[in-house]
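Chemist: Handing over coords.txt, compact mmCIF, C-alpha atoms.
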```
# COMPACT_ATOMS: atom_id res chain seq x y z
CA MET A 1 -3.39 12.42 -21.37
CA LEU A 2 -6.65 10.78 -20.33
CA ARG A 3 -8.91 13.42 -18.76
CA SER A 4 -12.39 11.95 -18.97
CA LEU A 5 -12.54 9.46 -16.10
CA SER A 6 -15.77 9.91 -14.16
CA PHE A 7 -14.55 11.27 -10.82
CA ARG A 8 -17.06 12.09 -8.09
CA ARG A 9 -16.16 15.75 -7.90
CA SER A 10 -16.31 17.73 -4.69
CA SER A 11 -18.87 19.89 -6.46
CA LEU A 12 -21.32 16.95 -6.62
CA LEU A 13 -23.17 17.94 -3.47
CA ARG A 14 -22.95 21.63 -4.27
CA LYS A 15 -24.31 21.22 -7.80
CA ALA A 16 -27.04 18.89 -6.57
CA LEU A 17 -28.17 21.48 -4.07
CA CYS A 18 -27.93 24.59 -6.23
CA SER A 19 -30.99 26.28 -7.63
CA HIS A 20 -30.20 25.25 -11.21
CA GLY A 21 -30.09 21.52 -10.33
CA ARG A 22 -32.03 19.02 -8.23
CA THR A 23 -31.51 17.98 -4.64
CA LEU A 24 -29.99 14.61 -3.84
CA SER A 25 -33.52 13.44 -3.05
CA THR A 26 -34.57 14.68 -6.54
CA LEU A 27 -36.81 17.36 -5.07
CA PRO A 28 -37.40 20.35 -7.31
CA THR A 29 -36.04 23.59 -5.91
CA SER A 30 -37.69 26.95 -5.81
CA SER A 31 -35.50 29.89 -6.73
CA SER A 32 -38.08 32.19 -5.15
CA LEU A 33 -37.17 30.83 -1.73
CA GLY A 34 -33.53 31.82 -2.19
CA CYS A 35 -30.43 30.26 -0.66
CA LEU A 36 -28.91 30.13 2.81
CA PRO A 37 -26.23 32.79 3.36
CA ALA A 38 -22.63 31.74 2.71
CA THR A 39 -23.43 28.13 1.83
CA HIS A 40 -25.53 28.89 -1.29
CA SER A 41 -27.70 25.93 -0.31
CA PRO A 42 -31.14 26.46 -1.90
CA VAL A 43 -34.10 26.71 0.44
CA VAL A 44 -36.96 24.20 -0.04
CA SER A 45 -40.26 23.85 1.72
CA LYS A 46 -40.55 20.06 1.79
CA LEU A 47 -38.93 17.92 4.50
CA GLU A 48 -36.78 15.31 2.78
CA PHE A 49 -33.66 13.35 3.81
CA PHE A 50 -30.97 11.98 1.52
CA ASN A 51 -28.51 9.12 1.97
CA SER A 52 -26.55 8.86 -1.26
CA VAL A 53 -23.91 10.84 -3.10
CA THR A 54 -25.13 9.62 -6.49
CA GLY A 55 -28.39 11.54 -6.42
CA ASP A 56 -30.64 8.59 -7.22
CA GLY A 57 -29.77 6.28 -4.33
CA SER A 58 -27.70 3.90 -6.44
CA LYS A 59 -24.27 2.59 -5.47
CA ILE A 60 -21.17 4.44 -6.58
CA PRO A 61 -19.95 2.78 -9.80
CA SER A 62 -16.53 1.17 -10.25
CA TYR A 63 -14.35 2.15 -13.20
CA ARG A 64 -13.09 -0.85 -15.17
CA VAL A 65 -11.09 -1.43 -18.36
CA LEU A 66 -10.72 -5.23 -18.65
CA ASP A 67 -13.40 -7.82 -18.00
CA ALA A 68 -12.62 -11.08 -16.19
CA LEU A 69 -11.35 -12.61 -19.45
CA GLY A 70 -8.90 -9.79 -20.09
CA THR A 71 -10.97 -8.20 -22.86
CA PRO A 72 -11.35 -4.40 -22.90
CA ILE A 73 -15.00 -3.62 -22.21
CA GLU A 74 -16.97 -1.62 -24.72
CA GLY A 75 -16.35 2.11 -24.39
CA ALA A 76 -13.52 1.66 -21.89
CA GLU A 77 -11.37 4.78 -21.56
CA PHE A 78 -7.72 4.01 -20.98
CA ILE A 79 -4.22 4.88 -22.13
CA GLN A 80 -2.76 2.45 -24.63
CA ILE A 81 0.41 0.72 -23.42
CA SER A 82 3.29 -0.88 -25.27
CA GLU A 83 4.21 -4.55 -25.18
CA GLN A 84 7.40 -3.71 -23.29
CA PHE A 85 5.50 -1.81 -20.61
CA ALA A 86 2.88 -4.57 -20.33
CA ARG A 87 5.63 -7.11 -19.76
CA ARG A 88 7.10 -4.97 -17.01
CA LEU A 89 3.70 -4.69 -15.32
CA TYR A 90 3.15 -8.43 -15.51
CA GLU A 91 6.60 -9.36 -14.25
CA HIS A 92 6.18 -7.20 -11.15
CA MET A 93 2.69 -8.55 -10.54
CA LEU A 94 3.99 -12.12 -10.69
CA LEU A 95 6.94 -11.28 -8.44
CA LEU A 96 4.66 -10.44 -5.51
CA PRO A 97 3.09 -13.91 -5.03
CA THR A 98 6.53 -15.43 -5.61
CA LEU A 99 7.82 -13.40 -2.68
CA ASP A 100 4.79 -14.40 -0.64
CA ASP A 101 5.38 -18.10 -1.34
CA ILE A 102 9.05 -18.08 -0.29
CA LEU A 103 8.80 -15.75 2.70
CA CYS A 104 5.62 -17.31 4.08
CA SER A 105 7.27 -20.72 3.88
CA GLY A 106 10.36 -19.25 5.54
CA GLN A 107 8.27 -17.98 8.44
CA ARG A 108 6.56 -21.35 8.86
CA GLN A 109 10.02 -22.94 9.08
CA GLY A 110 11.13 -20.45 11.75
CA ARG A 111 13.66 -18.72 9.49
CA ILE A 112 11.97 -15.29 9.70
CA SER A 113 9.68 -13.92 12.37
CA PHE A 114 6.62 -12.54 10.59
CA TYR A 115 5.20 -11.82 7.16
CA PRO A 116 1.98 -10.13 5.90
CA LEU A 117 0.64 -11.54 2.63
CA LYS A 118 -0.34 -9.74 -0.57
CA TYR A 119 -2.08 -12.48 -2.54
CA GLY A 120 -4.92 -11.09 -4.65
CA GLU A 121 -3.90 -7.42 -4.48
CA GLU A 122 -1.19 -7.44 -7.15
CA ALA A 123 -3.04 -5.19 -9.61
CA THR A 124 -3.90 -2.65 -6.92
CA VAL A 125 -0.27 -2.19 -5.87
CA ILE A 126 1.53 -2.46 -9.22
CA GLY A 127 -1.08 -0.41 -11.10
CA SER A 128 -0.71 2.39 -8.55
CA ALA A 129 3.09 2.21 -8.61
CA ALA A 130 3.11 2.50 -12.40
CA ALA A 131 0.93 5.62 -12.30
CA LEU A 132 3.08 7.54 -9.82
CA ALA A 133 6.30 9.40 -10.53
CA ASP A 134 9.30 7.64 -9.03
CA ASP A 135 10.02 10.68 -6.84
CA ASP A 136 6.48 11.06 -5.49
CA GLU A 137 6.54 10.59 -1.72
CA VAL A 138 4.89 7.31 -0.68
CA LEU A 139 3.59 6.62 2.82
CA ALA A 140 2.49 3.01 2.75
CA GLN A 141 0.90 0.43 4.98
CA TYR A 142 2.34 -3.09 4.68
CA ARG A 143 1.12 -4.54 1.39
CA GLU A 144 2.90 -2.05 -0.88
CA THR A 145 6.18 -3.93 -1.37
CA GLY A 146 5.47 -3.76 -5.09
CA VAL A 147 5.84 0.04 -5.10
CA LEU A 148 9.42 -0.28 -3.87
CA LEU A 149 10.21 -3.07 -6.31
CA TRP A 150 8.75 -1.05 -9.20
CA ARG A 151 11.09 1.80 -8.28
CA GLY A 152 14.14 -0.42 -8.42
CA PHE A 153 14.53 -1.46 -4.78
CA PRO A 154 16.53 -4.73 -4.91
CA LEU A 155 15.45 -8.11 -3.62
CA ASP A 156 18.53 -8.10 -1.38
CA GLY A 157 17.12 -4.94 0.21
CA ILE A 158 13.78 -6.67 0.80
CA MET A 159 15.53 -9.60 2.48
CA ALA A 160 17.79 -7.34 4.52
CA GLN A 161 14.76 -5.73 6.12
CA VAL A 162 12.83 -8.96 6.61
CA PHE A 163 15.83 -10.67 8.26
CA GLY A 164 16.94 -7.49 10.04
CA HIS A 165 20.64 -7.91 9.30
CA HIS A 166 23.30 -5.22 9.12
CA GLU A 167 22.55 -4.25 5.49
CA ASP A 168 19.07 -3.12 6.51
CA SER A 169 18.84 0.69 6.53
CA GLY A 170 16.66 0.41 9.63
CA LYS A 171 19.39 -1.60 11.40
CA GLY A 172 17.03 -4.46 12.18
CA ARG A 173 14.87 -2.39 14.52
CA GLN A 174 11.59 -2.73 12.64
CA ILE A 175 9.23 -5.67 12.41
CA ALA A 176 9.45 -7.52 9.08
CA VAL A 177 8.07 -5.84 5.94
CA HIS A 178 8.27 -2.35 7.48
CA TYR A 179 10.46 -1.03 4.71
CA GLY A 180 11.84 2.44 4.21
CA SER A 181 14.06 3.98 1.56
CA LYS A 182 14.97 7.65 1.30
CA GLU A 183 16.49 7.03 -2.13
CA HIS A 184 13.19 5.63 -3.41
CA HIS A 185 11.01 8.27 -1.66
CA PHE A 186 9.35 5.54 0.41
CA HIS A 187 8.73 6.60 4.02
CA THR A 188 9.35 3.95 6.64
CA ILE A 189 6.22 1.95 7.45
CA SER A 190 4.72 2.08 10.94
CA SER A 191 2.70 -0.73 12.51
CA PRO A 192 -0.07 1.42 14.07
CA LEU A 193 -2.92 1.67 11.59
CA ALA A 194 -3.57 4.91 9.71
CA THR A 195 -0.77 7.01 11.22
CA GLN A 196 0.60 7.50 7.69
CA ILE A 197 -2.60 9.23 6.51
CA PRO A 198 -2.31 12.58 8.37
CA GLN A 199 1.45 12.37 7.93
CA ALA A 200 0.91 12.22 4.16
CA ALA A 201 -1.19 15.37 4.35
CA GLY A 202 1.74 17.07 6.08
CA VAL A 203 4.18 15.79 3.47
CA GLY A 204 1.88 17.06 0.74
CA PHE A 205 1.77 20.48 2.36
CA ALA A 206 5.58 20.52 2.56
CA LEU A 207 5.78 19.67 -1.15
CA LYS A 208 3.43 22.54 -1.92
CA ARG A 209 5.73 24.94 -0.07
CA ASP A 210 8.85 23.71 -1.85
CA PRO A 211 9.48 25.76 -5.04
CA MET A 212 11.50 22.89 -6.53
CA ARG A 213 8.74 20.30 -6.09
CA ARG A 214 5.57 22.37 -6.16
CA SER A 215 3.34 21.25 -9.05
CA LYS A 216 5.79 18.40 -9.67
CA ASN A 217 5.22 15.81 -6.94
CA VAL A 218 2.44 14.47 -4.76
CA ALA A 219 2.36 12.72 -1.41
CA CYS A 220 0.61 9.37 -1.65
CA ALA A 221 -0.90 7.49 1.30
CA PHE A 222 -1.82 3.81 0.93
CA PHE A 223 -4.18 2.26 3.47
CA GLY A 224 -6.82 -0.43 3.81
CA GLU A 225 -10.51 0.11 4.37
CA GLY A 226 -10.03 -0.98 7.97
CA ALA A 227 -7.54 1.85 8.53
CA ALA A 228 -10.16 4.24 7.14
CA SER A 229 -12.19 3.53 10.28
CA GLU A 230 -9.50 5.21 12.36
CA GLY A 231 -9.80 8.88 13.27
CA ASP A 232 -6.49 9.54 11.51
CA PHE A 233 -8.20 8.97 8.16
CA HIS A 234 -10.66 11.78 8.78
CA ALA A 235 -8.00 14.10 10.19
CA GLY A 236 -5.70 13.49 7.22
CA ILE A 237 -8.22 13.97 4.44
CA LEU A 238 -9.75 16.98 6.19
CA LEU A 239 -6.34 18.64 6.43
CA ALA A 240 -5.40 17.93 2.81
CA SER A 241 -8.71 19.31 1.54
CA THR A 242 -9.20 22.31 3.85
CA VAL A 243 -5.55 23.37 4.02
CA PRO A 244 -5.13 22.13 0.48
CA SER A 245 -2.14 20.07 -0.51
CA PRO A 246 -1.35 17.64 -3.35
CA THR A 247 -2.04 14.51 -1.34
CA LEU A 248 -3.33 11.35 -2.98
CA PHE A 249 -5.26 8.95 -0.77
CA LEU A 250 -5.33 5.37 -2.10
CA ALA A 251 -7.68 3.08 -0.20
CA ARG A 252 -7.34 -0.67 -0.77
CA ASN A 253 -10.77 -2.06 -0.02
CA ASN A 254 -9.90 -5.77 0.16
CA GLY A 255 -12.96 -6.88 2.10
CA TYR A 256 -11.41 -7.59 5.49
CA ALA A 257 -9.74 -5.69 8.32
CA ILE A 258 -7.95 -8.78 9.64
CA SER A 259 -11.00 -10.82 10.64
CA THR A 260 -13.62 -8.07 10.40
CA PRO A 261 -15.53 -8.03 7.07
CA ASN A 262 -16.28 -4.61 5.65
CA SER A 263 -19.99 -5.23 6.26
CA GLU A 264 -19.16 -4.83 9.96
CA GLN A 265 -16.77 -1.90 9.47
CA PHE A 266 -19.13 0.67 7.99
CA TYR A 267 -22.76 1.01 6.95
CA GLY A 268 -22.32 3.46 4.09
CA ASP A 269 -21.25 2.93 0.48
CA GLY A 270 -17.60 2.11 1.08
CA ILE A 271 -14.77 4.62 1.43
CA SER A 272 -15.42 6.62 -1.73
CA ALA A 273 -18.76 7.87 -0.36
CA ARG A 274 -16.78 9.90 2.16
CA GLY A 275 -14.78 11.87 -0.40
CA PRO A 276 -17.43 14.43 -1.43
CA GLY A 277 -18.13 15.11 2.25
CA TYR A 278 -14.61 16.46 2.51
CA GLY A 279 -14.86 18.29 -0.81
CA VAL A 280 -12.37 16.15 -2.74
CA ASP A 281 -12.49 14.52 -6.16
CA THR A 282 -13.15 10.81 -5.72
CA ILE A 283 -13.31 7.69 -7.85
CA ARG A 284 -13.94 4.00 -7.23
CA VAL A 285 -12.02 1.57 -9.40
CA ASP A 286 -11.88 -2.19 -9.97
CA GLY A 287 -8.72 -2.97 -8.00
CA ASN A 288 -8.21 -6.30 -9.78
CA ASP A 289 -7.84 -4.56 -13.15
CA VAL A 290 -4.28 -3.28 -13.38
CA LEU A 291 -5.01 -1.01 -16.36
CA ALA A 292 -8.02 0.55 -14.63
CA VAL A 293 -6.01 1.15 -11.45
CA MET A 294 -3.12 2.67 -13.38
CA ASN A 295 -5.38 4.98 -15.39
CA ALA A 296 -7.43 6.08 -12.39
CA VAL A 297 -4.39 6.81 -10.22
CA LYS A 298 -2.65 8.62 -13.08
CA GLU A 299 -5.67 10.88 -13.54
CA ALA A 300 -6.01 11.32 -9.79
CA ARG A 301 -2.37 12.39 -9.60
CA ARG A 302 -2.94 14.94 -12.38
CA ARG A 303 -5.88 16.41 -10.51
CA CYS A 304 -3.83 16.53 -7.32
CA LEU A 305 -1.11 18.56 -9.00
CA GLU A 306 -3.36 20.86 -11.00
CA GLY A 307 -5.80 21.52 -8.17
CA GLY A 308 -3.26 21.41 -5.34
CA ARG A 309 -5.83 19.54 -3.28
CA ALA A 310 -6.47 16.01 -2.03
CA VAL A 311 -7.93 13.28 -4.26
CA LEU A 312 -9.36 9.96 -3.04
CA VAL A 313 -9.23 6.66 -4.95
CA GLU A 314 -10.97 3.56 -3.62
CA MET A 315 -9.62 0.35 -5.17
CA MET A 316 -11.99 -2.60 -4.84
CA THR A 317 -10.07 -5.85 -4.48
CA TYR A 318 -10.02 -9.01 -2.37
CA ARG A 319 -7.49 -10.30 0.13
CA VAL A 320 -6.98 -13.87 -1.04
CA GLY A 321 -4.25 -14.63 1.49
CA HIS A 322 -4.39 -14.64 5.25
CA HIS A 323 -3.90 -11.24 6.84
CA SER A 324 -0.43 -12.33 7.89
CA THR A 325 1.43 -15.42 9.04
CA SER A 326 -0.17 -14.81 12.46
CA ASP A 327 -3.66 -15.24 11.01
CA ASP A 328 -5.82 -18.16 9.88
CA SER A 329 -8.53 -16.56 7.77
CA PHE A 330 -10.51 -19.80 7.42
CA VAL A 331 -11.63 -19.32 11.00
CA TYR A 332 -13.79 -16.38 9.92
CA ARG A 333 -14.49 -17.01 6.21
CA GLU A 334 -15.29 -20.05 4.10
CA ARG A 335 -12.47 -21.67 2.17
CA GLN A 336 -14.79 -21.93 -0.84
CA GLU A 337 -15.26 -18.15 -0.83
CA VAL A 338 -11.52 -17.68 -1.23
CA GLU A 339 -11.19 -20.37 -3.90
CA ASP A 340 -14.03 -18.84 -5.91
CA ARG A 341 -12.40 -15.40 -5.89
CA LYS A 342 -9.01 -16.85 -6.84
CA LYS A 343 -10.58 -18.62 -9.78
CA ASN A 344 -13.08 -16.04 -11.01
CA ASP A 345 -11.45 -12.69 -10.25
CA ASN A 346 -7.70 -13.21 -10.36
CA PRO A 347 -5.86 -9.98 -11.29
CA ILE A 348 -2.80 -11.80 -12.63
CA THR A 349 -4.86 -14.15 -14.79
CA ARG A 350 -6.92 -11.26 -16.12
CA PHE A 351 -3.90 -9.28 -17.28
CA ARG A 352 -2.18 -12.38 -18.63
CA LEU A 353 -5.22 -13.10 -20.82
CA PHE A 354 -5.10 -9.52 -22.08
CA MET A 355 -1.45 -9.92 -23.05
CA GLU A 356 -2.06 -13.29 -24.71
CA SER A 357 -4.92 -11.84 -26.75
CA ARG A 358 -2.47 -9.35 -28.22
CA GLY A 359 0.23 -11.93 -28.92
CA TRP A 360 2.49 -10.51 -26.21
CA TRP A 361 2.68 -13.62 -24.02
CA ASN A 362 2.56 -17.41 -24.18
CA GLU A 363 2.85 -20.48 -21.98
CA THR A 364 6.57 -20.94 -22.59
CA GLU A 365 7.33 -17.38 -21.47
CA GLU A 366 5.09 -17.89 -18.44
CA LYS A 367 7.09 -20.91 -17.28
CA GLU A 368 10.41 -19.19 -17.93
CA LEU A 369 9.41 -16.08 -15.98
CA ALA A 370 8.00 -18.04 -13.05
CA PHE A 371 11.21 -20.11 -12.86
CA ARG A 372 13.48 -17.04 -13.05
CA LEU A 373 11.56 -15.09 -10.42
CA ARG A 374 11.59 -18.01 -8.02
CA GLN A 375 15.34 -18.47 -8.55
CA ASP A 376 15.95 -14.77 -7.89
CA VAL A 377 13.89 -14.76 -4.69
CA VAL A 378 15.41 -17.99 -3.36
CA LYS A 379 18.92 -16.71 -4.09
CA ALA A 380 18.28 -13.46 -2.19
CA PHE A 381 16.66 -15.40 0.68
CA LYS A 382 19.58 -17.80 1.06
CA ARG A 383 22.11 -14.98 0.89
CA ALA A 384 20.28 -13.04 3.60
CA GLU A 385 20.52 -16.01 5.94
CA THR A 386 24.32 -15.82 5.80
CA VAL A 387 24.67 -12.07 6.45
CA LYS A 388 25.64 -11.01 9.98
CA ARG A 389 23.18 -9.09 12.13
CA VAL A 390 23.61 -5.46 13.17
CA ASP A 391 26.17 -4.25 15.71
CA LEU A 392 24.97 -4.67 19.28
CA LYS A 393 25.98 -1.08 19.97
CA ASP A 394 23.25 0.10 17.59
CA LEU A 395 20.67 -0.86 20.19
CA PHE A 396 21.48 2.45 21.83
CA THR A 397 22.07 4.82 18.91
CA ASP A 398 20.07 7.02 16.50
CA VAL A 399 17.36 8.08 18.94
CA TYR A 400 18.93 10.98 20.83
CA ALA A 401 21.40 13.60 19.60
CA GLU A 402 23.06 13.35 23.01
CA GLU A 403 22.85 10.10 24.92
CA PRO A 404 20.77 10.59 28.11
CA TRP A 405 21.86 9.17 31.45
CA ASN A 406 19.36 6.28 31.52
CA ILE A 407 20.40 5.00 28.08
CA ARG A 408 24.05 5.28 29.08
CA GLU A 409 23.37 3.24 32.21
CA GLN A 410 21.64 0.51 30.20
CA ARG A 411 24.46 0.39 27.65
CA GLU A 412 27.11 0.16 30.38
CA GLU A 413 25.15 -2.54 32.20
CA LEU A 414 24.90 -4.69 29.06
CA ALA A 415 28.60 -4.19 28.34
CA ALA A 416 29.47 -5.35 31.87
CA LEU A 417 27.31 -8.46 31.48
CA LEU A 418 28.96 -9.25 28.14
CA LYS A 419 32.40 -9.01 29.70
CA LYS A 420 31.36 -11.34 32.49
CA TYR A 421 29.26 -13.91 30.63
CA GLY A 422 29.71 -13.35 26.88
CA GLN A 423 32.33 -16.05 26.37
CA VAL A 424 31.20 -18.27 29.24
CA TRP A 425 27.45 -18.76 28.82
CA GLU A 426 26.80 -20.77 25.66
CA PRO A 427 23.51 -19.09 24.56
CA TRP A 428 25.20 -15.66 24.67
CA ARG A 429 28.32 -16.97 22.97
CA ASP A 430 26.24 -18.42 20.13
CA GLU A 431 24.23 -15.22 19.78
CA LEU A 432 27.34 -13.05 19.62
CA ARG A 433 28.62 -15.10 16.68
CA THR A 434 25.63 -13.93 14.61
CA LEU A 435 26.53 -10.25 15.03
CA LYS A 436 28.66 -8.29 12.59
CA ASP A 437 31.10 -7.16 15.29
CA GLY A 438 30.59 -9.99 17.77
CA GLY A 439 29.64 -7.36 20.36
CA LYS A 440 33.15 -5.85 20.33
CA LYS A 441 32.06 -2.27 19.53
CA LEU A 442 29.87 -2.23 22.62
CA LEU A 443 32.80 -3.30 24.77
CA ASP A 444 35.17 -0.62 23.35
```
Written as structure tokens, that's how I'd like the structure from this file.
Modeler:
Amino acid sequence: MLRSLSFRRSSLLRKALCSHGRTLSTLPTSSSLGCLPATHSPVVSKLEFFNSVTGDGSKIPSYRVLDALGTPIEGAEFIQISEQFARRLYEHMLLLPTLDDILCSGQRQGRISFYPLKYGEEATVIGSAAALADDDEVLAQYRETGVLLWRGFPLDGIMAQVFGHHEDSGKGRQIAVHYGSKEHHFHTISSPLATQIPQAAGVGFALKRDPMRRSKNVACAFFGEGAASEGDFHAGILLASTVPSPTLFLARNNGYAISTPNSEQFYGDGISARGPGYGVDTIRVDGNDVLAVMNAVKEARRRCLEGGRAVLVEMMTYRVGHHSTSDDSFVYRERQEVEDRKKNDNPITRFRLFMESRGWWNETEEKELAFRLRQDVVKAFKRAETVKRVDLKDLFTDVYAEEPWNIREQREELAALLKKYGQVWEPWRDELRTLKDGGKKLLD
């Protein structure tokens, strides 16, 4: 097991301020002046401010394994992987843009309502998924489809949720790409930013209290750097560090919170600079290097379990695609900027070059895989278009244990309208044909 990744330990500030070390401003300390009670902070006589967690004012470094050409950099520390495992990583990475292509096109054609894109962040998502245990609890945002797919969630399940038909476990009530699967330990996604972060701290605390899962599983929260500007980020990481729980915080720093660049989101050194302030082990990793992400998250998970406390990983990547199908990113960034990043820092290309250098991949296999993945996605998409939508009665179920009077009134009112107009007014008649039960259960 790799144990030597350079994490920014919670003891960084403490060690830097102890009498045997140097302050963050590199001031010498005087043991004769003693320390403040309780905090053990050494007393100094010179007025000096600090504004860095590194001690010398430099930026926090980013852990990397592969350079842009897919070559392991000198001295890189990483776990060796087999050809079979590398192929699995690559196939799942390539599946994500294939999904994006088909579903984005489907939205533009009016066949689905909405779709957020994941172009450029394939290594961040798949590398993280590969490092977690399949029964670790995941609380995601909306670019972590790859985690579900890695765990065996089927393409038909993806399409069921996106189309909102009756095979969707959420019964079509959620906006597209807000997946959830109890079987795959993937908590249902919520649209409001950052709500999953304090919830993950609570899940982690519950795991710690469960004798069957204590020291076995972690709670893992995915979020973007924009979500880290919400108060929920601070509440969540504070809870998981102070009331310690095995909660892993994975921040995808992709450069933009919709249209807001990270230069306008925060003034400090990214998200990882905040970790030591909450007393948690922290690392920054090249998010476009799937091996680096996998190794960093694997080590972070180990620390979570052994220490029973939060760990923060900041994954530096770039959102190549638009934020969603409701966004045109070229309004607020140059097209050339995007093209340059696609060409010079492509996570899929980087890992493909690594595989080719080892004789694990070639152009023929690339074409065959791309063709097969597209066929699989198109097949699932077309099938989903033919599946009936959820029962109309389910508009009124699953919220209350006992139906309250106002919900009952609304249900009865809709039933009365269906009886009166359902087979008379053409728009309603057409709509009822798309439902699994044709509205009959509501009328019973």
Chemist: Once you add 5 Å to each side, what are the centre and edge lengths of the axis-aligned box holding all listed atoms of region 352-361 of chain A? One decimal in Å, as JSON, if you can.
Modeler:
```
{"center_x": -1.3, "center_y": -11.5, "center_z": -23.8, "size_x": 17.9, "size_y": 14.3, "size_z": 20.3}
```
Chemist: Report as a VMD selection string all protein, DNA and RNA residues lying within 9 Å of region 204-211 of chain A, evaluated on all atoms listed in the file, omitting residues in the same chain fewer than 3 positions from it.
Modeler: chain A and resid 137 199 to 201 214 to 220 240 243 to 248 308 310
Chemist: Hey, can you check how far CA of Ala380 (chain A) sits from CA of Asp156 (chain A)?
Modeler: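 Those two atoms sit 5.4 Å apart.
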Chemist: Find the nearest atom pair between each residue of region 140-215 of chain A and region 396-413 of chain A for residues within 12 Å, count all atoms listed in the file, give distances in Å to one decimal, sort rows by chain and ascending number, and present the table as JSON lines.
Modeler:
```
{"residue": "A:Ser169", "atom": "CA", "partner": "A:Asp398", "partner_atom": "CA", "distance": 11.9}
{"residue": "A:Gly170", "atom": "CA", "partner": "A:Asp398", "partner_atom": "CA", "distance": 10.1}
{"residue": "A:Lys171", "atom": "CA", "partner": "A:Asp398", "partner_atom": "CA", "distance": 10.0}
{"residue": "A:Arg173", "atom": "CA", "partner": "A:Asp398", "partner_atom": "CA", "distance": 10.9}
```
Chemist: Return the single residue from A:Pro37, A:Phe50, A:Phe223, A:Asn295 that is closest to Gln80 (chain A), with distances computed using all atoms listed in the file.
Modeler: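 Of all the options, A:Asn295 lies closest to Gln80 (chain A).
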